[in-house]
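Structure record follows, encoded as structure tokens.
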There are 2 protein chains.
Amino acid sequence: MGEFVNTKLTAYADRVEKYMLAELEKLQNQTVQKNFSVSGLFDAMRHSLTAGGKRIRPALIYAFCQACGGDLQFADSSVCAMEMTHTSSLIFDDLPAMDDDDFRRGKPSCHKAFGEATAILAGDALICAPFSVLAQDSVLNPEQRLQLIRILSECEGISGMIGGQMMDMQFEQRTDVTAGELETMCLGKTGALMQASCQMGCICAGATPEQIESAGNYGNYVGLAFQIIDDILDVTSTSEQLGKPVGSDAEENKTTFVTLLGIDQAKARATELTALAHQQLEQFENAEFLHELTDMLLTRIN
Amino acid sequence: MGEFVNTKLTAYADRVEKYMLAELEKLQNQTVQKNFSVSGLFDAMRHSLTAGGKRIRPALIYAFCQACGGDLQFADSSVCAMEMTHTSSLIFDDLPAMDDDDFRRGKPSCHKAFGEATAILAGDALICAPFSVLAQDSVLNPEQRLQLIRILSECEGISGMIGGQMMDMQFEQRTDVTAGELETMCLGKTGALMQASCQMGCICAGATPEQIESAGNYGNYVGLAFQIIDDILDVTSTSEQLGKPVGSDAEENKTTFVTLLGIDQAKARATELTALAHQQLEQFENAEFLHELTDMLLTRIN
């Protein structure tokens, strides 16, 4: 089972990386035409875009597009746009004023490698570039493109990821955060991009409104389960298994699903959310990969 | 003459401020529906959006829309989107890692008033929000909306403002910058948003491709002249006239149009660009305000 999912994940990841680098080259050609000398900025963007990671969001977009009978090429621009957006959020997260992280996936974080000012400009560029990528995708009709642009803008905005990050920062100053508040925050910080990814995959394939809604619900459940499992792994895993330091939440006295619910109840909640996620997939004919991916995300060790 | 222009500028500025605050309220309602507690983020966005300024870009959009026979309401979403974009760039410019400015238009800069992390999130939110504002504007047809989205994304991106800022940073490390390079940089840093504003106003009104092109050229000329005059005023004006410290360019050993060309030649270049700008307006029937605005930008003292 794991092999089938991993093979597909790798194929999706390769595809999005190729598409992103091609888009980056198009952008670079535009700057060359204008005699702009900004290669340092492209180096910074490329550094962060090619730093790897699980590429979960691209997989969700491609998989929902295929589950709705769409061709992969319908989803390429959305996948590229989403991964640029996600990457920009990582660049900003790592900045000294935010989480102040020197490393990301074993490589120096963007500001460590290129300086803070260049990292900020690279992050800014990766927020705005996706919208022209989507606006110009000629395999999608204008209504699809506008719907994708609206969803991308909203999922990363104040009622999505950015709002979630803001709440996360505020929660660090508090000791009375409830499990309900923590879920609300996670639905923004982690869930919003996952929810949007699932919806965007459906839209690319011309799915029904019911399918788009189910896919969005699926994304919320999986996003929340994903964060709960992250919190559990930070306590139960080793840094070798995780590929990053463990125990950082406890060190920072952070309120997590584990500190609020305990490990057993946190695991139960993740299992419950995963079951709900599976249910949402009933709307889709060709959802074998998504079912297996859902289980893999629940049972992952890193 | 000055009175006619100023009255219109004030009316345009009032209109865009109302529209922006209404859009902010819509965004805030969305967060309330999701139980997000992010009022601090809205305070930061509102602080920067209402800090005033000349609102030149809104005026250009509205004026070109009217010069092409369009109603002001066709341009509202573009004006709001552009001013949010411009504001985000000011928030990032003022950050410690960039220009490190504590004040902006006499008020504390965003990170001074709300902390650096909140300022970064507010800046991010102001980059992405404009795209959903444009995508949902029901008075424009889908093709217009997509064209506006593409232009906004590109003018602020790597081949526009962000690319210009990157070059500006690099130029600070060099002593051999040429006048040609400085113009190229300014066409990105200052010109790109002005060029796009003029083009967007035309698109809102359903103008011809020739008009859109002339408007873009006009924006480039005016953007460049604007920067040259800024450089001149930094040497010839007093801080009372300018409302901000003067002489900062010389203090920072910055290469400017004045250091490269001398004051007389810099003035001559600004006058030449202004004449070229006037020429571009011949394509438009109702361009009286734009002609007068052009002269006012050239002869301004602050």
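Labels used: A, B, ... for chains in the order of the structure tokens, numbers from 1 for residues in each chain, and numbers from 1 for ligands as shown.
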Could you give me the residues within stretch 15-187 of chain A that DSSP places in strand (DSSP E or B), as a PDB file with C-alpha atoms, in the first residue's frame?
```
ATOM      1  CA  PHE A 103      17.194  25.726   8.991  1.00  0.00           C
ATOM      2  CA  ARG A 104      14.312  24.391   6.939  1.00  0.00           C
ATOM      3  CA  LYS A 107      18.966  23.462   4.333  1.00  0.00           C
ATOM      4  CA  PRO A 108      19.652  27.024   5.530  1.00  0.00           C
TER       5      PRO A 108
END
```
Could you pull the residues within 9 Å of stretch 206-222 of chain B, counting only C-alpha atoms, minus those fewer than 4 positions along the same chain, as number ranges by chain? B: 60, 64-65, 68-70, 144, 187, 190-202, 226-227, 270, 273-284, 294, 297-298
Nearest candidate to chain B (options A:Asn29, A:Ser89, A:Ser39, A:Ser159; using only C-alpha atoms):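 When distances to chain B are compared using only C-alpha atoms, the smallest one comes from A:Ser159.
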Can you list, as a ChimeraX atom specification, every protein, DNA or RNA residue that comes within 10 Å of B:Ile263 when you count only C-alpha atoms, leaving out same-chain residues fewer than 2 positions away? /B:228-229,231-233,235-236,257-261,265-269
Report as a count of residues only: the residues of stretch 8-234 of chain B with a DSSP assignment of alpha helix (DSSP H), based on the backbone of this structure. 170
Residues of chain B within 6 Å of chain A: nearest atom pair and distance (Å, one decimal) for each, counting only C-alpha atoms, sorted by chain and number, as JSON lines?
```
{"residue": "B:Thr31", "atom": "CA", "partner": "A:Ser159", "partner_atom": "CA", "distance": 4.8}
{"residue": "B:Ala97", "atom": "CA", "partner": "A:Ala117", "partner_atom": "CA", "distance": 5.5}
{"residue": "B:Met98", "atom": "CA", "partner": "A:Ala117", "partner_atom": "CA", "distance": 5.7}
{"residue": "B:Ala117", "atom": "CA", "partner": "A:Ala97", "partner_atom": "CA", "distance": 5.5}
{"residue": "B:Ala125", "atom": "CA", "partner": "A:Gly157", "partner_atom": "CA", "distance": 5.3}
{"residue": "B:Cys128", "atom": "CA", "partner": "A:Ser153", "partner_atom": "CA", "distance": 5.3}
{"residue": "B:Ala129", "atom": "CA", "partner": "A:Ser153", "partner_atom": "CA", "distance": 5.9}
{"residue": "B:Ser132", "atom": "CA", "partner": "A:Arg150", "partner_atom": "CA", "distance": 4.5}
{"residue": "B:Ala135", "atom": "CA", "partner": "A:Leu146", "partner_atom": "CA", "distance": 5.5}
{"residue": "B:Leu146", "atom": "CA", "partner": "A:Ala135", "partner_atom": "CA", "distance": 5.5}
{"residue": "B:Arg150", "atom": "CA", "partner": "A:Ser132", "partner_atom": "CA", "distance": 4.6}
{"residue": "B:Ser153", "atom": "CA", "partner": "A:Cys128", "partner_atom": "CA", "distance": 5.3}
{"residue": "B:Gly157", "atom": "CA", "partner": "A:Ala125", "partner_atom": "CA", "distance": 5.3}
{"residue": "B:Ser159", "atom": "CA", "partner": "A:Thr31", "partner_atom": "CA", "distance": 4.8}
```
Would you save the residues of that selection, restricted to N, CA and C atoms, as an mmCIF file, in the first residue's frame?
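Contents of again19.cif, as written:
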```cif
data_model
loop_
_atom_site.group_PDB
_atom_site.id
_atom_site.type_symbol
_atom_site.label_atom_id
_atom_site.label_comp_id
_atom_site.auth_asym_id
_atom_site.auth_seq_id
_atom_site.Cartn_x
_atom_site.Cartn_y
_atom_site.Cartn_z
ATOM 1 N N THR B 31 -13.886 36.719 9.031
ATOM 2 C CA THR B 31 -13.120 36.127 10.133
ATOM 3 C C THR B 31 -14.006 35.906 11.353
ATOM 4 N N ALA B 97 14.791 45.237 8.541
ATOM 5 C CA ALA B 97 15.699 44.591 7.582
ATOM 6 C C ALA B 97 15.767 45.359 6.258
ATOM 7 N N MET B 98 14.805 46.250 6.028
ATOM 8 C CA MET B 98 14.806 47.024 4.785
ATOM 9 C C MET B 98 15.288 48.455 5.115
ATOM 10 N N ALA B 117 6.221 41.179 13.742
ATOM 11 C CA ALA B 117 5.520 39.988 13.244
ATOM 12 C C ALA B 117 4.139 40.359 12.702
ATOM 13 N N ALA B 125 -1.050 40.020 4.050
ATOM 14 C CA ALA B 125 -2.501 40.034 3.809
ATOM 15 C C ALA B 125 -2.862 41.072 2.757
ATOM 16 N N CYS B 128 -2.195 39.697 -0.818
ATOM 17 C CA CYS B 128 -3.086 38.689 -1.419
ATOM 18 C C CYS B 128 -4.556 39.133 -1.495
ATOM 19 N N ALA B 129 -5.007 39.967 -0.557
ATOM 20 C CA ALA B 129 -6.422 40.369 -0.558
ATOM 21 C C ALA B 129 -6.883 41.026 -1.866
ATOM 22 N N SER B 132 -8.668 38.774 -4.551
ATOM 23 C CA SER B 132 -10.059 38.323 -4.420
ATOM 24 C C SER B 132 -11.009 39.512 -4.604
ATOM 25 N N ALA B 135 -11.265 39.628 -8.349
ATOM 26 C CA ALA B 135 -11.922 38.434 -8.907
ATOM 27 C C ALA B 135 -13.436 38.495 -8.728
ATOM 28 N N LEU B 146 -9.683 39.247 -15.248
ATOM 29 C CA LEU B 146 -8.448 38.463 -15.406
ATOM 30 C C LEU B 146 -7.290 39.345 -15.887
ATOM 31 N N ARG B 150 -3.835 39.964 -13.820
ATOM 32 C CA ARG B 150 -2.519 39.703 -14.399
ATOM 33 C C ARG B 150 -1.637 40.948 -14.293
ATOM 34 N N SER B 153 -0.571 41.605 -10.630
ATOM 35 C CA SER B 153 0.439 40.640 -10.182
ATOM 36 C C SER B 153 1.798 40.972 -10.791
ATOM 37 N N GLY B 157 5.412 42.421 -9.048
ATOM 38 C CA GLY B 157 6.294 41.258 -8.955
ATOM 39 C C GLY B 157 7.734 41.555 -9.332
ATOM 40 N N SER B 159 9.333 41.463 -12.163
ATOM 41 C CA SER B 159 9.627 42.318 -13.313
ATOM 42 C C SER B 159 9.024 43.703 -13.120
#
```
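Within 9 Å of B:Leu293, once only C-alpha atoms are used and residues closer than 3 positions along the same chain are dropped, the contacting residues are Gly2, Val5, Asn6, Glu288, Phe289, Leu290, Met296, Leu297 and Leu298 of chain B.
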Kindly save the residues from that selection, with C-alpha atoms included, as a PDB file, in the first residue's frame.
```
ATOM      1  CA  GLY B   2      -4.198  73.892  -8.684  1.00  0.00           C
ATOM      2  CA  VAL B   5      -6.761  69.320  -9.446  1.00  0.00           C
ATOM      3  CA  ASN B   6      -6.697  69.345  -5.659  1.00  0.00           C
ATOM      4  CA  GLU B 288      -8.031  67.849 -18.857  1.00  0.00           C
ATOM      5  CA  PHE B 289      -7.502  66.644 -15.286  1.00  0.00           C
ATOM      6  CA  LEU B 290      -4.652  64.349 -16.330  1.00  0.00           C
ATOM      7  CA  MET B 296       1.356  69.573 -10.825  1.00  0.00           C
ATOM      8  CA  LEU B 297       3.555  66.491 -10.292  1.00  0.00           C
ATOM      9  CA  LEU B 298       6.374  68.235 -12.151  1.00  0.00           C
TER      10      LEU B 298
END
```
Ranking B:Phe114, B:Leu242, B:Tyr12, B:Phe4 by minimum distance to B:Leu72 and counting only C-alpha atoms, which one comes first?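 Checking each candidate against B:Leu72, we get B:Tyr12 as the closest.
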Selected residue of minimal separation from B:Asp76 among B:Ala44, B:Ala51, B:Ala113, B:Met20, counting only C-alpha atoms: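 Once distances to B:Asp76 are computed over only C-alpha atoms, the minimum belongs to B:Met20.
Reported to one decimal place, the separation of atom CA of A:Ser77 from atom CA of A:Glu23 is 9.3 Å.
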